[in-house]
file data.cif (mmCIF, C-alpha atoms and all ligand atoms)
data_run
loop_
_atom_site.label_atom_id
_atom_site.label_comp_id
_atom_site.auth_asym_id
_atom_site.auth_seq_id
_atom_site.Cartn_x
_atom_site.Cartn_y
_atom_site.Cartn_z
CA MET A 247 -3.52 -25.31 -10.54
CA SER A 248 -0.51 -26.72 -12.36
CA LEU A 249 -1.40 -30.37 -12.43
CA PRO A 250 -0.14 -32.83 -15.01
CA MET A 251 -2.09 -32.50 -18.26
CA ALA A 252 -4.27 -35.65 -18.06
CA PRO A 253 -5.87 -35.05 -14.65
CA MET A 254 -6.08 -31.31 -15.32
CA LEU A 255 -8.07 -31.89 -18.52
CA ARG A 256 -10.39 -34.33 -16.75
CA ILE A 257 -11.09 -31.84 -13.95
CA ALA A 258 -11.54 -28.91 -16.36
CA LYS A 259 -13.94 -30.92 -18.57
CA HIS A 260 -15.96 -31.99 -15.53
CA ALA A 261 -16.21 -28.42 -14.18
CA ILE A 262 -17.03 -26.77 -17.53
CA THR A 263 -19.74 -29.30 -18.44
CA LYS A 264 -21.41 -29.06 -15.04
CA THR A 265 -21.17 -25.24 -14.91
CA ILE A 266 -22.77 -24.91 -18.36
CA LYS A 267 -25.60 -27.19 -17.23
CA GLY A 268 -26.02 -25.04 -14.10
CA ASP A 269 -25.60 -28.09 -11.83
CA LYS A 270 -24.42 -27.99 -8.22
CA PHE A 271 -21.38 -30.24 -8.37
CA PRO A 272 -18.39 -31.21 -6.23
CA LEU A 273 -14.90 -30.49 -7.51
CA VAL A 274 -13.03 -32.27 -4.73
CA LEU A 275 -14.25 -34.91 -2.31
CA MET A 276 -12.88 -34.14 1.14
CA LEU A 277 -12.35 -37.46 2.89
CA GLU A 278 -11.66 -37.99 6.58
CA PRO A 279 -11.25 -41.75 6.86
CA LEU A 280 -10.31 -41.39 10.53
CA LEU A 281 -10.12 -38.59 13.09
CA ARG A 282 -7.21 -39.92 15.16
CA CYS A 283 -3.96 -37.95 14.82
CA ASN A 284 -0.39 -38.24 16.09
CA LEU A 285 -0.30 -34.47 16.72
CA ALA A 286 -2.67 -32.26 18.70
CA CYS A 287 -2.47 -28.86 17.01
CA PRO A 288 -4.18 -26.14 19.08
CA GLY A 289 -5.95 -24.71 15.99
CA CYS A 290 -7.35 -28.08 14.90
CA GLY A 291 -11.11 -28.57 15.07
CA LYS A 292 -11.03 -32.20 13.99
CA ILE A 293 -9.63 -34.22 16.85
CA ASP A 294 -11.74 -33.32 19.88
CA TYR A 295 -13.65 -36.60 20.23
CA PRO A 296 -13.80 -39.49 22.67
CA ASP A 297 -11.66 -42.57 21.96
CA ALA A 298 -14.52 -44.69 20.65
CA ILE A 299 -14.94 -42.14 17.83
CA LEU A 300 -11.20 -41.59 17.31
CA ASN A 301 -10.86 -45.36 16.86
CA ARG A 302 -13.34 -45.44 13.98
CA ARG A 303 -12.09 -45.90 10.39
CA LEU A 304 -13.80 -45.71 7.01
CA SER A 305 -13.24 -49.00 5.20
CA PHE A 306 -11.66 -49.26 1.75
CA GLN A 307 -15.10 -49.91 0.27
CA GLU A 308 -16.68 -46.91 2.04
CA CYS A 309 -13.93 -44.71 0.61
CA MET A 310 -14.52 -45.99 -2.93
CA ASP A 311 -18.31 -45.66 -2.53
CA ALA A 312 -17.90 -42.03 -1.43
CA ILE A 313 -16.25 -41.01 -4.71
CA GLU A 314 -18.70 -43.01 -6.83
CA ASP A 315 -21.54 -41.45 -4.84
CA CYS A 316 -20.49 -37.81 -5.38
CA GLY A 317 -18.69 -38.14 -8.75
CA ALA A 318 -15.92 -35.62 -7.93
CA PRO A 319 -12.86 -35.83 -10.20
CA ALA A 320 -10.46 -35.40 -7.26
CA VAL A 321 -10.19 -36.41 -3.63
CA SER A 322 -8.32 -34.75 -0.79
CA ILE A 323 -7.64 -37.20 2.03
CA ALA A 324 -7.13 -35.69 5.47
CA GLY A 325 -8.30 -36.55 8.96
CA GLY A 326 -6.81 -36.89 11.58
CA GLU A 327 -3.61 -38.26 10.16
CA PRO A 328 -4.35 -40.48 7.13
CA LEU A 329 -1.06 -42.40 7.42
CA LEU A 330 -2.36 -43.93 10.67
CA HIS A 331 -5.01 -45.76 8.58
CA ARG A 332 -3.74 -49.28 7.84
CA GLU A 333 -5.47 -49.43 4.42
CA MET A 334 -4.35 -45.99 3.23
CA ALA A 335 -2.02 -47.20 0.45
CA LYS A 336 -4.79 -49.49 -0.86
CA ILE A 337 -7.30 -46.61 -0.75
CA VAL A 338 -4.96 -44.33 -2.72
CA LYS A 339 -4.37 -47.08 -5.28
CA GLY A 340 -8.12 -47.67 -5.58
CA TYR A 341 -8.73 -44.02 -6.39
CA ILE A 342 -5.88 -43.88 -8.91
CA GLU A 343 -7.29 -46.95 -10.67
CA ARG A 344 -10.57 -44.99 -10.99
CA LYS A 345 -8.54 -42.12 -12.53
CA LYS A 346 -9.30 -39.82 -9.63
CA PHE A 347 -6.71 -37.19 -8.71
CA VAL A 348 -5.59 -37.93 -5.14
CA ILE A 349 -4.13 -35.41 -2.69
CA LEU A 350 -2.91 -37.13 0.46
CA CYS A 351 -2.63 -34.55 3.27
CA THR A 352 -0.21 -35.57 5.99
CA ASN A 353 1.74 -33.98 8.81
CA ALA A 354 4.62 -36.12 7.46
CA LEU A 355 5.66 -37.64 10.79
CA LEU A 356 5.11 -41.14 9.34
CA LEU A 357 5.97 -40.43 5.73
CA LYS A 358 9.54 -41.80 5.79
CA LYS A 359 8.32 -45.06 7.33
CA LYS A 360 5.38 -45.48 4.92
CA ILE A 361 6.62 -44.09 1.61
CA ALA A 362 7.63 -47.49 0.20
CA GLU A 363 3.91 -48.46 0.14
CA TYR A 364 3.21 -45.75 -2.48
CA GLU A 365 4.18 -45.27 -6.12
CA PRO A 366 4.57 -42.00 -8.03
CA SER A 367 1.71 -41.28 -10.44
CA PRO A 368 0.43 -38.21 -12.30
CA TYR A 369 -2.78 -38.80 -10.33
CA PHE A 370 -1.10 -38.70 -6.92
CA THR A 371 0.25 -35.82 -4.80
CA TRP A 372 1.67 -35.76 -1.30
CA SER A 373 0.38 -32.65 0.46
CA ILE A 374 2.57 -31.85 3.45
CA HIS A 375 1.14 -29.82 6.31
CA LEU A 376 3.51 -26.89 6.87
CA ASP A 377 2.11 -23.76 8.49
CA GLY A 378 4.96 -21.41 7.54
CA ASP A 379 8.62 -21.35 8.53
CA LYS A 380 10.22 -23.35 11.36
CA GLN A 381 9.13 -20.96 14.09
CA MET A 382 5.56 -20.55 12.77
CA HIS A 383 5.01 -24.23 12.01
CA ASP A 384 6.40 -25.71 15.22
CA LYS A 385 4.28 -23.23 17.16
CA ALA A 386 1.13 -23.99 15.11
CA VAL A 387 1.45 -27.75 15.71
CA ASP A 388 2.78 -27.27 19.24
CA GLN A 389 5.74 -29.62 18.81
CA ASP A 390 9.37 -28.66 18.23
CA GLY A 391 11.15 -30.42 15.38
CA THR A 392 8.07 -31.09 13.21
CA TYR A 393 9.16 -28.49 10.62
CA ASP A 394 12.48 -30.30 10.12
CA VAL A 395 10.69 -33.66 9.78
CA ALA A 396 8.30 -32.20 7.21
CA LEU A 397 11.13 -30.62 5.22
CA GLU A 398 13.03 -33.92 5.18
CA ALA A 399 9.84 -35.67 4.01
CA ILE A 400 9.37 -33.15 1.17
CA LYS A 401 12.91 -33.75 -0.05
CA LEU A 402 12.61 -37.53 0.24
CA ALA A 403 9.30 -37.67 -1.64
CA LYS A 404 10.66 -35.43 -4.41
CA GLU A 405 13.82 -37.55 -4.72
CA LYS A 406 11.61 -40.60 -5.19
CA GLY A 407 9.75 -38.90 -8.04
CA PHE A 408 6.48 -37.99 -6.29
CA ARG A 409 4.49 -34.83 -6.87
CA VAL A 410 4.67 -32.84 -3.64
CA GLN A 411 2.85 -29.75 -2.46
CA VAL A 412 2.53 -28.01 0.86
CA ASN A 413 -0.68 -27.01 2.60
CA CYS A 414 -0.27 -23.92 4.72
CA THR A 415 -2.88 -22.53 7.11
CA VAL A 416 -2.37 -18.90 8.11
CA PHE A 417 -3.22 -17.61 11.59
CA ASN A 418 -3.38 -14.04 12.87
CA ASP A 419 0.14 -14.02 14.32
CA ALA A 420 1.71 -14.64 10.89
CA SER A 421 3.76 -11.74 9.58
CA PRO A 422 3.69 -10.82 5.88
CA GLU A 423 7.52 -10.81 5.86
CA SER A 424 7.90 -14.33 7.24
CA LEU A 425 5.19 -15.67 4.94
CA ALA A 426 7.00 -14.12 1.97
CA THR A 427 10.31 -15.65 3.05
CA PHE A 428 8.59 -19.00 3.53
CA MET A 429 7.16 -18.83 -0.01
CA ASP A 430 10.60 -17.94 -1.44
CA HIS A 431 11.97 -21.03 0.29
CA MET A 432 9.19 -23.32 -1.00
CA THR A 433 9.64 -21.93 -4.52
CA SER A 434 13.38 -22.66 -4.32
CA LEU A 435 12.52 -26.27 -3.35
CA GLY A 436 10.20 -26.53 -6.37
CA VAL A 437 7.02 -27.19 -4.36
CA GLU A 438 3.69 -25.46 -4.78
CA VAL A 439 1.67 -24.24 -1.82
CA THR A 440 -2.05 -24.46 -1.09
CA ILE A 441 -2.70 -21.51 1.17
CA SER A 442 -5.74 -20.66 3.27
CA PRO A 443 -6.64 -18.66 6.35
CA GLY A 444 -7.65 -20.97 9.20
CA TYR A 445 -11.30 -21.49 10.06
CA ALA A 446 -12.22 -20.55 13.64
CA TYR A 447 -13.29 -24.04 14.70
CA GLU A 448 -15.46 -23.79 17.78
CA ARG A 449 -13.82 -26.95 19.20
CA ALA A 450 -10.21 -25.83 18.62
CA ALA A 451 -8.21 -25.42 21.83
CA ASP A 452 -6.74 -22.08 20.73
CA GLN A 453 -9.47 -19.55 19.90
CA GLU A 454 -7.22 -16.50 19.97
CA HIS A 455 -5.21 -16.88 16.79
CA PHE A 456 -7.88 -17.15 14.11
CA LEU A 457 -8.13 -14.36 11.56
CA ASN A 458 -11.30 -12.35 10.99
CA ARG A 459 -12.14 -11.28 7.43
CA GLU A 460 -10.75 -7.75 7.67
CA LYS A 461 -7.44 -8.92 9.15
CA THR A 462 -7.24 -11.68 6.55
CA LYS A 463 -7.57 -9.27 3.64
CA ASN A 464 -5.01 -6.81 5.01
CA LEU A 465 -2.54 -9.56 5.87
CA PHE A 466 -2.81 -11.20 2.44
CA ARG A 467 -2.46 -7.84 0.67
CA GLU A 468 0.75 -7.09 2.54
CA PHE A 469 2.01 -10.63 1.99
CA PHE A 470 1.24 -10.73 -1.76
CA ALA A 471 2.72 -7.24 -2.23
CA ARG A 472 6.08 -8.73 -1.22
CA GLY A 473 5.88 -11.25 -4.06
CA ASN A 474 4.91 -9.03 -7.01
CA GLY A 475 1.17 -9.52 -6.47
CA ALA A 476 1.90 -13.21 -5.61
CA LYS A 477 3.31 -13.82 -9.12
CA ASN A 478 6.74 -14.69 -7.71
CA TRP A 479 5.40 -17.84 -6.08
CA LYS A 480 3.68 -21.06 -7.06
CA PHE A 481 0.29 -21.66 -5.51
CA THR A 482 -2.10 -24.50 -6.24
CA ASN A 483 -4.93 -22.04 -5.47
CA SER A 484 -6.77 -20.31 -8.28
CA PRO A 485 -5.52 -16.72 -8.90
CA LEU A 486 -9.13 -15.57 -8.37
CA PHE A 487 -9.18 -17.15 -4.90
CA LEU A 488 -5.93 -15.31 -4.05
CA ASP A 489 -7.54 -12.11 -5.34
CA PHE A 490 -10.51 -12.81 -3.05
CA LEU A 491 -8.18 -13.27 -0.05
CA ALA A 492 -6.69 -9.84 -0.80
CA GLY A 493 -10.15 -8.26 -0.60
CA ASN A 494 -10.63 -7.64 -4.31
CA ARG A 495 -13.70 -9.85 -4.77
CA SER A 496 -16.98 -10.28 -2.86
CA TYR A 497 -17.66 -13.98 -3.00
CA GLU A 498 -20.32 -16.14 -1.41
CA CYS A 499 -19.12 -19.63 -0.57
CA THR A 500 -19.92 -22.75 -2.57
CA PRO A 501 -20.03 -25.33 0.24
CA TRP A 502 -21.00 -28.31 -1.93
CA SER A 503 -17.90 -27.84 -4.15
CA MET A 504 -15.78 -29.69 -1.56
CA PRO A 505 -18.16 -31.93 0.39
CA LEU A 506 -16.92 -33.91 3.37
CA ARG A 507 -17.34 -37.65 3.88
CA THR A 508 -16.24 -38.45 7.41
CA VAL A 509 -16.58 -41.41 9.77
CA PHE A 510 -20.03 -40.05 10.74
CA GLY A 511 -21.38 -39.86 7.17
CA TRP A 512 -21.71 -36.85 4.81
CA GLN A 513 -21.34 -33.68 6.85
CA LYS A 514 -23.96 -30.91 6.57
CA PRO A 515 -23.32 -28.27 5.30
CA CYS A 516 -19.55 -28.27 4.61
CA TYR A 517 -16.06 -29.37 5.57
CA LEU A 518 -15.82 -26.71 8.29
CA VAL A 519 -19.19 -26.70 9.99
CA GLY A 520 -20.82 -29.95 11.13
CA GLU A 521 -24.53 -29.42 11.75
CA GLY A 522 -25.63 -32.98 11.01
CA TYR A 523 -24.76 -36.12 9.05
CA VAL A 524 -26.54 -38.09 6.31
CA GLU A 525 -25.92 -41.45 4.65
CA THR A 526 -25.70 -40.43 0.99
CA PHE A 527 -24.41 -37.58 -1.11
CA ALA A 528 -27.87 -37.18 -2.66
CA GLU A 529 -29.31 -36.62 0.84
CA LEU A 530 -26.62 -34.03 1.50
CA MET A 531 -27.42 -32.15 -1.70
CA GLU A 532 -31.18 -32.38 -1.53
CA GLY A 533 -31.69 -32.38 2.23
CA THR A 534 -29.52 -29.37 3.15
CA ASP A 535 -31.14 -25.96 3.32
CA TRP A 536 -28.15 -24.19 1.75
CA GLU A 537 -29.75 -20.78 2.29
CA GLN A 538 -29.22 -21.23 6.04
CA TYR A 539 -25.43 -21.17 5.64
CA GLY A 540 -22.77 -18.77 4.41
CA VAL A 541 -21.26 -15.44 5.44
CA GLY A 542 -24.02 -13.06 6.56
CA LYS A 543 -26.45 -15.94 7.06
CA TYR A 544 -25.04 -17.88 10.00
CA GLU A 545 -22.83 -16.78 12.90
CA LYS A 546 -20.45 -19.75 12.52
CA CYS A 547 -19.70 -18.58 8.96
CA ALA A 548 -18.95 -14.94 9.83
CA ASN A 549 -15.14 -15.06 9.46
CA CYS A 550 -14.82 -17.84 6.91
CA MET A 551 -12.64 -17.27 3.85
CA VAL A 552 -11.32 -20.82 3.70
CA HIS A 553 -10.31 -22.39 0.40
CA CYS A 554 -12.73 -25.34 0.71
CA GLY A 555 -15.66 -22.90 0.82
CA PHE A 556 -14.50 -20.32 -1.70
CA GLU A 557 -12.22 -22.07 -4.24
CA GLY A 558 -15.37 -23.50 -5.82
CA THR A 559 -16.73 -19.97 -6.24
CA ALA A 560 -13.41 -18.85 -7.75
CA ALA A 561 -13.40 -21.85 -10.10
CA ARG A 562 -16.90 -21.04 -11.28
CA GLU A 563 -15.97 -17.41 -11.94
CA GLY A 564 -12.92 -18.58 -13.86
CA ILE A 565 -15.19 -20.60 -16.15
CA VAL A 566 -17.93 -18.03 -16.72
CA ARG A 567 -15.53 -15.03 -16.82
CA PRO A 568 -12.26 -16.40 -18.23
CA LEU A 569 -10.93 -12.89 -18.95
CA GLU A 570 -11.04 -12.08 -15.21
CA PHE A 571 -9.05 -15.24 -14.55
CA MET A 572 -6.49 -14.33 -17.23
CA LYS A 573 -6.20 -10.75 -15.97
CA VAL A 574 -5.29 -11.79 -12.42
CA ALA A 575 -3.10 -14.68 -13.61
CA MET A 576 -1.07 -12.30 -15.80
CA LYS A 577 -1.06 -9.07 -13.80
CA GLY A 578 -1.02 -10.59 -10.31
CA VAL A 579 -3.17 -9.79 -7.30
CA LYS A 580 -4.00 -6.12 -6.68
CA THR A 581 -2.52 -5.11 -3.32
CA ASP A 582 -3.67 -1.50 -3.00
CA GLY A 583 -6.72 0.67 -3.62
CA PRO A 584 -10.25 0.21 -2.31
CA MET A 585 -11.44 -3.29 -1.42
CA ALA A 586 -14.61 -4.90 -2.72
CA PRO A 587 -17.58 -4.41 -0.36
CA ASP A 588 -17.93 -7.13 2.25
CA ILE A 589 -21.10 -9.00 3.16
CA ASP A 590 -23.37 -7.46 5.81
CA LEU A 591 -23.36 -9.58 9.01
CA SER A 592 -26.20 -7.79 10.79
CA LYS A 593 -28.89 -10.32 9.82
CA GLN A 594 -26.99 -13.58 10.40
CA ARG A 595 -28.80 -16.17 12.53
CA ARG A 596 -27.33 -17.18 15.87
CA ALA A 597 -24.96 -20.16 16.16
CA VAL A 598 -26.53 -23.40 17.37
CA ASP A 599 -24.45 -25.69 19.60
CA VAL A 600 -24.87 -29.20 18.20
CA HIS A 601 -21.56 -30.82 19.17
CA ALA A 602 -22.55 -32.60 22.40
CA THR A 603 -25.72 -34.05 20.84
CA GLN A 604 -23.81 -35.28 17.81
CA VAL A 605 -21.15 -36.95 19.93
CA GLU A 606 -23.87 -38.69 21.98
CA GLN A 607 -25.61 -39.92 18.82
CA GLU A 608 -22.39 -41.26 17.30
CA LEU A 609 -21.35 -42.99 20.52
CA GLU A 610 -24.76 -44.64 20.70
CA LYS A 611 -24.39 -45.90 17.11
CA ILE A 612 -20.94 -47.32 17.93
CA ARG A 613 -22.23 -48.91 21.15
CA ILE A 614 -24.93 -50.73 19.16
CA SER A 615 -22.83 -51.70 16.11
CA ASP A 616 -19.56 -52.60 17.89
CA PRO A 617 -20.21 -53.25 21.61
CA GLU A 618 -16.78 -54.83 22.20
CA GLY A 619 -14.87 -51.96 20.48
CA TYR A 620 -16.97 -49.48 22.45
CA ARG A 621 -16.15 -51.22 25.75
CA ARG A 622 -12.42 -51.36 24.89
CA ALA A 623 -12.33 -47.66 24.03
CA THR A 624 -14.26 -46.54 27.10
CA ARG A 625 -12.16 -48.80 29.37
CA ALA A 626 -8.96 -47.29 27.90
CA ALA A 627 -10.21 -43.71 28.29
S1 LIG A 701 -4.24 -30.00 12.15
FE1 LIG A 701 -3.75 -31.93 11.12
S2 LIG A 701 -1.81 -32.57 12.08
FE2 LIG A 701 -2.71 -31.05 13.44
S3 LIG A 701 -3.90 -32.24 14.94
FE3 LIG A 701 -5.31 -31.63 13.29
S4 LIG A 701 -5.30 -33.37 11.90
FE4 LIG A 701 -3.48 -33.58 13.21
S1 LIG A 702 -19.04 -19.74 4.90
FE1 LIG A 702 -19.62 -21.51 3.66
S2 LIG A 702 -17.76 -22.76 3.59
FE2 LIG A 702 -17.48 -21.29 5.26
S3 LIG A 702 -18.21 -22.37 7.09
FE3 LIG A 702 -19.99 -21.28 6.26
S4 LIG A 702 -21.01 -22.72 4.89
FE4 LIG A 702 -18.97 -23.53 5.30
#
call {"tool": "encode", "arguments": {"input": "data.cif", "output": "structure tokens"}}
result
Amino acid sequence: MSLPMAPMLRIAKHAITKTIKGDKFPLVLMLEPLLRCNLACPGCGKIDYPDAILNRRLSFQECMDAIEDCGAPAVSIAGGEPLLHREMAKIVKGYIERKKFVILCTNALLLKKKIAEYEPSPYFTWSIHLDGDKQMHDKAVDQDGTYDVALEAIKLAKEKGFRVQVNCTVFNDASPESLATFMDHMTSLGVEVTISPGYAYERAADQEHFLNREKTKNLFREFFARGNGAKNWKFTNSPLFLDFLAGNRSYECTPWSMPLRTVFGWQKPCYLVGEGYVETFAELMEGTDWEQYGVGKYEKCANCMVHCGFEGTAAREGIVRPLEFMKVAMKGVKTDGPMAPDIDLSKQRRAVDVHATQVEQELEKIRISDPEGYRRATRAA
């Protein structure tokens, strides 16, 4: 991850100290301060809620408490669309004052209008949602013209002196050629890319275009082969995570490395799967039966290779086996030969459907805590 030196050293020190102690620790707080969005991407598993829930916001104080609670050195703010939150600039400033590295993930539709509320800082990065080239992205978000808006936003933010990266989710209709061309383009613009296969959210409208693990590995091999083992391009991902995507490493996920604080509370067990919510980070860590989750353990995890589950594993390997990290960083990702054995899925437990119960519980909480807001939202619906 090529961050500026000061935040990079803080994150490295945090990770090395905790790894040596053998602690379970978060690297990045995932924050969803609201679930409302101004797009409705078919592959999104985050926005399928009634209005009373979509109208909820985490307050400035709740956002600050979340980082104090978990102690992560960095925070990735997503949603929903964070720029719809009226206090977003204040929240970003609050984190920077605490010397936390902030990644603000946006679909960029509101960036031009809001950018004056933000200041460049080595602790702050705009992360623009761009799922490939114009054709791929506009299809993924189901709205023509969004690629052009995002590209304009990238250029504007860079002109104003901000750090900018792109977050790119890959689906099964992506071609290795177009991904390679997209990366060449991003490299020519001087922006790094955080890449990840999509997670097959059970609530996403489009269930047909998610990648399974075998397809993911073959696709990433073919893609990376077109860029000299991915060395031609700039990724924010760890080289070991890229090597994992290409099928060269058998990793188990590290779900607590990027824990999610959402409008419901801390999500059990991870950013991708919501099986329950608790009030505090300590409850999340101590009250989650981690052995119940992961590839080979739970049906909902079967196809997961997503960065927020596996970057933490890659980071840990980079610390305990630095030569492996150096080898891949220098030689690039291996794109041929046998793959590492995958995890056996035959003993995974069946998926449990918890969504409807959770929605009912959250609506009941809102009805009790904010009866007027609840009435307004249900009247409008
Ligand atoms: S993927 Fe992002 S931009 Fe698309 S609907 Fe979901 S939150 Fe909004
Ligand atoms: S494999 Fe791990 S990170 Fe992925 S959904 Fe399951 S618990 Fe979450």
call {"tool": "residues_around", "arguments": {"input": "data.cif", "residues": "segment 525-534 of chain A", "least_positions_apart": "2", "cutoff": "8 Å", "atoms": "only C-alpha atoms", "output": "PyMOL selection string"}}
result
chain A and resi 312+315-316+502+511-515+523+536
call {"tool": "residues_near_ligand", "arguments": {"input": "data.cif", "ligand": "ligand LIG 702 (chain A)", "cutoff": "10 Å", "atoms": "only C-alpha atoms and all ligand atoms", "output": "VMD selection string"}}
result
chain A and resid 445 to 447 497 to 505 514 to 520 536 to 558
call {"tool": "closest_residue", "arguments": {"input": "data.cif", "among": "A:Gly268, A:Pro328, A:Pro368, A:Pro319", "to": "ligand LIG 701 (chain A)", "atoms": "only C-alpha atoms and all ligand atoms"}}
result
A:Pro328
call {"tool": "residues_near_ligand", "arguments": {"input": "data.cif", "ligand": "ligand LIG 701 (chain A)", "cutoff": "8 Å", "atoms": "all atoms listed in the file", "output": "NGL selection string"}}
result
:A and (281-293 or 324-327 or 352-353 or 375 or 387)
call {"tool": "write_last_selection", "arguments": {"input": "data.cif", "atoms": "C-alpha atoms", "output": "short mmCIF file (atom, residue, chain, number, x, y, z; two decimals), in the frame of the given file"}}
result
data_model
loop_
_atom_site.label_atom_id
_atom_site.label_comp_id
_atom_site.auth_asym_id
_atom_site.auth_seq_id
_atom_site.Cartn_x
_atom_site.Cartn_y
_atom_site.Cartn_z
CA LEU A 281 -10.12 -38.59 13.09
CA ARG A 282 -7.21 -39.92 15.16
CA CYS A 283 -3.96 -37.95 14.82
CA ASN A 284 -0.39 -38.24 16.09
CA LEU A 285 -0.30 -34.47 16.72
CA ALA A 286 -2.67 -32.26 18.70
CA CYS A 287 -2.47 -28.86 17.01
CA PRO A 288 -4.18 -26.14 19.08
CA GLY A 289 -5.95 -24.71 15.99
CA CYS A 290 -7.35 -28.08 14.90
CA GLY A 291 -11.11 -28.57 15.07
CA LYS A 292 -11.03 -32.20 13.99
CA ILE A 293 -9.63 -34.22 16.85
CA ALA A 324 -7.13 -35.69 5.47
CA GLY A 325 -8.30 -36.55 8.96
CA GLY A 326 -6.81 -36.89 11.58
CA GLU A 327 -3.61 -38.26 10.16
CA THR A 352 -0.21 -35.57 5.99
CA ASN A 353 1.74 -33.98 8.81
CA HIS A 375 1.14 -29.82 6.31
CA VAL A 387 1.45 -27.75 15.71
#
call {"tool": "closest_residue", "arguments": {"input": "data.cif", "among": "A:Gln607, A:Thr462, A:Asn478, A:Asn483", "to": "Ala420 of chain A", "atoms": "all atoms listed in the file"}}
result
A:Thr462
call {"tool": "residues_around", "arguments": {"input": "data.cif", "residues": "segment 572-582 of chain A", "least_positions_apart": "4", "cutoff": "10 Å", "atoms": "all atoms listed in the file", "output": "NGL selection string"}}
result
:A and (463-464 or 466-478 or 484-494 or 564 or 567-568)
call {"tool": "atom_distance", "arguments": {"input": "data.cif", "atom1": "atom CA of Met429 of chain A", "atom2": "atom CA of Lys380 of chain A"}}
result
12.6 Å
call {"tool": "build_atoms", "arguments": {"input": "data.cif", "residues": "segment 448-461 of chain A", "atoms": "N, CA and C atoms", "output": "PDB file, in the frame of the given file"}}
result
ATOM      1  N   GLU A 448     -14.998 -24.035  16.410  1.00  0.00           N
ATOM      2  CA  GLU A 448     -15.460 -23.790  17.780  1.00  0.00           C
ATOM      3  C   GLU A 448     -14.846 -24.776  18.768  1.00  0.00           C
ATOM      4  N   ARG A 449     -14.395 -25.955  18.300  1.00  0.00           N
ATOM      5  CA  ARG A 449     -13.820 -26.950  19.200  1.00  0.00           C
ATOM      6  C   ARG A 449     -12.295 -26.855  19.287  1.00  0.00           C
ATOM      7  N   ALA A 450     -11.674 -25.939  18.561  1.00  0.00           N
ATOM      8  CA  ALA A 450     -10.210 -25.830  18.620  1.00  0.00           C
ATOM      9  C   ALA A 450      -9.789 -25.296  19.995  1.00  0.00           C
ATOM     10  N   ALA A 451      -8.661 -25.833  20.500  1.00  0.00           N
ATOM     11  CA  ALA A 451      -8.210 -25.420  21.830  1.00  0.00           C
ATOM     12  C   ALA A 451      -7.825 -23.944  21.860  1.00  0.00           C
ATOM     13  N   ASP A 452      -7.195 -23.475  20.779  1.00  0.00           N
ATOM     14  CA  ASP A 452      -6.740 -22.080  20.730  1.00  0.00           C
ATOM     15  C   ASP A 452      -7.736 -21.253  19.922  1.00  0.00           C
ATOM     16  N   GLN A 453      -8.479 -20.383  20.589  1.00  0.00           N
ATOM     17  CA  GLN A 453      -9.470 -19.550  19.900  1.00  0.00           C
ATOM     18  C   GLN A 453      -8.941 -18.148  19.622  1.00  0.00           C
ATOM     19  N   GLU A 454      -7.697 -17.882  20.041  1.00  0.00           N
ATOM     20  CA  GLU A 454      -7.220 -16.500  19.970  1.00  0.00           C
ATOM     21  C   GLU A 454      -6.509 -16.161  18.674  1.00  0.00           C
ATOM     22  N   HIS A 455      -6.093 -17.180  17.919  1.00  0.00           N
ATOM     23  CA  HIS A 455      -5.210 -16.880  16.790  1.00  0.00           C
ATOM     24  C   HIS A 455      -5.866 -17.067  15.421  1.00  0.00           C
ATOM     25  N   PHE A 456      -7.213 -17.082  15.401  1.00  0.00           N
ATOM     26  CA  PHE A 456      -7.880 -17.150  14.110  1.00  0.00           C
ATOM     27  C   PHE A 456      -8.059 -15.742  13.546  1.00  0.00           C
ATOM     28  N   LEU A 457      -7.995 -15.655  12.232  1.00  0.00           N
ATOM     29  CA  LEU A 457      -8.130 -14.360  11.560  1.00  0.00           C
ATOM     30  C   LEU A 457      -9.597 -14.019  11.319  1.00  0.00           C
ATOM     31  N   ASN A 458      -9.987 -12.743  11.498  1.00  0.00           N
ATOM     32  CA  ASN A 458     -11.300 -12.350  10.990  1.00  0.00           C
ATOM     33  C   ASN A 458     -11.115 -11.861   9.543  1.00  0.00           C
ATOM     34  N   ARG A 459     -12.228 -11.560   8.871  1.00  0.00           N
ATOM     35  CA  ARG A 459     -12.140 -11.280   7.430  1.00  0.00           C
ATOM     36  C   ARG A 459     -11.311 -10.023   7.136  1.00  0.00           C
ATOM     37  N   GLU A 460     -11.480  -8.993   7.940  1.00  0.00           N
ATOM     38  CA  GLU A 460     -10.750  -7.750   7.670  1.00  0.00           C
ATOM     39  C   GLU A 460      -9.240  -7.965   7.828  1.00  0.00           C
ATOM     40  N   LYS A 461      -8.873  -8.659   8.929  1.00  0.00           N
ATOM     41  CA  LYS A 461      -7.440  -8.920   9.150  1.00  0.00           C
ATOM     42  C   LYS A 461      -6.893  -9.811   8.035  1.00  0.00           C
TER      43      LYS A 461
END
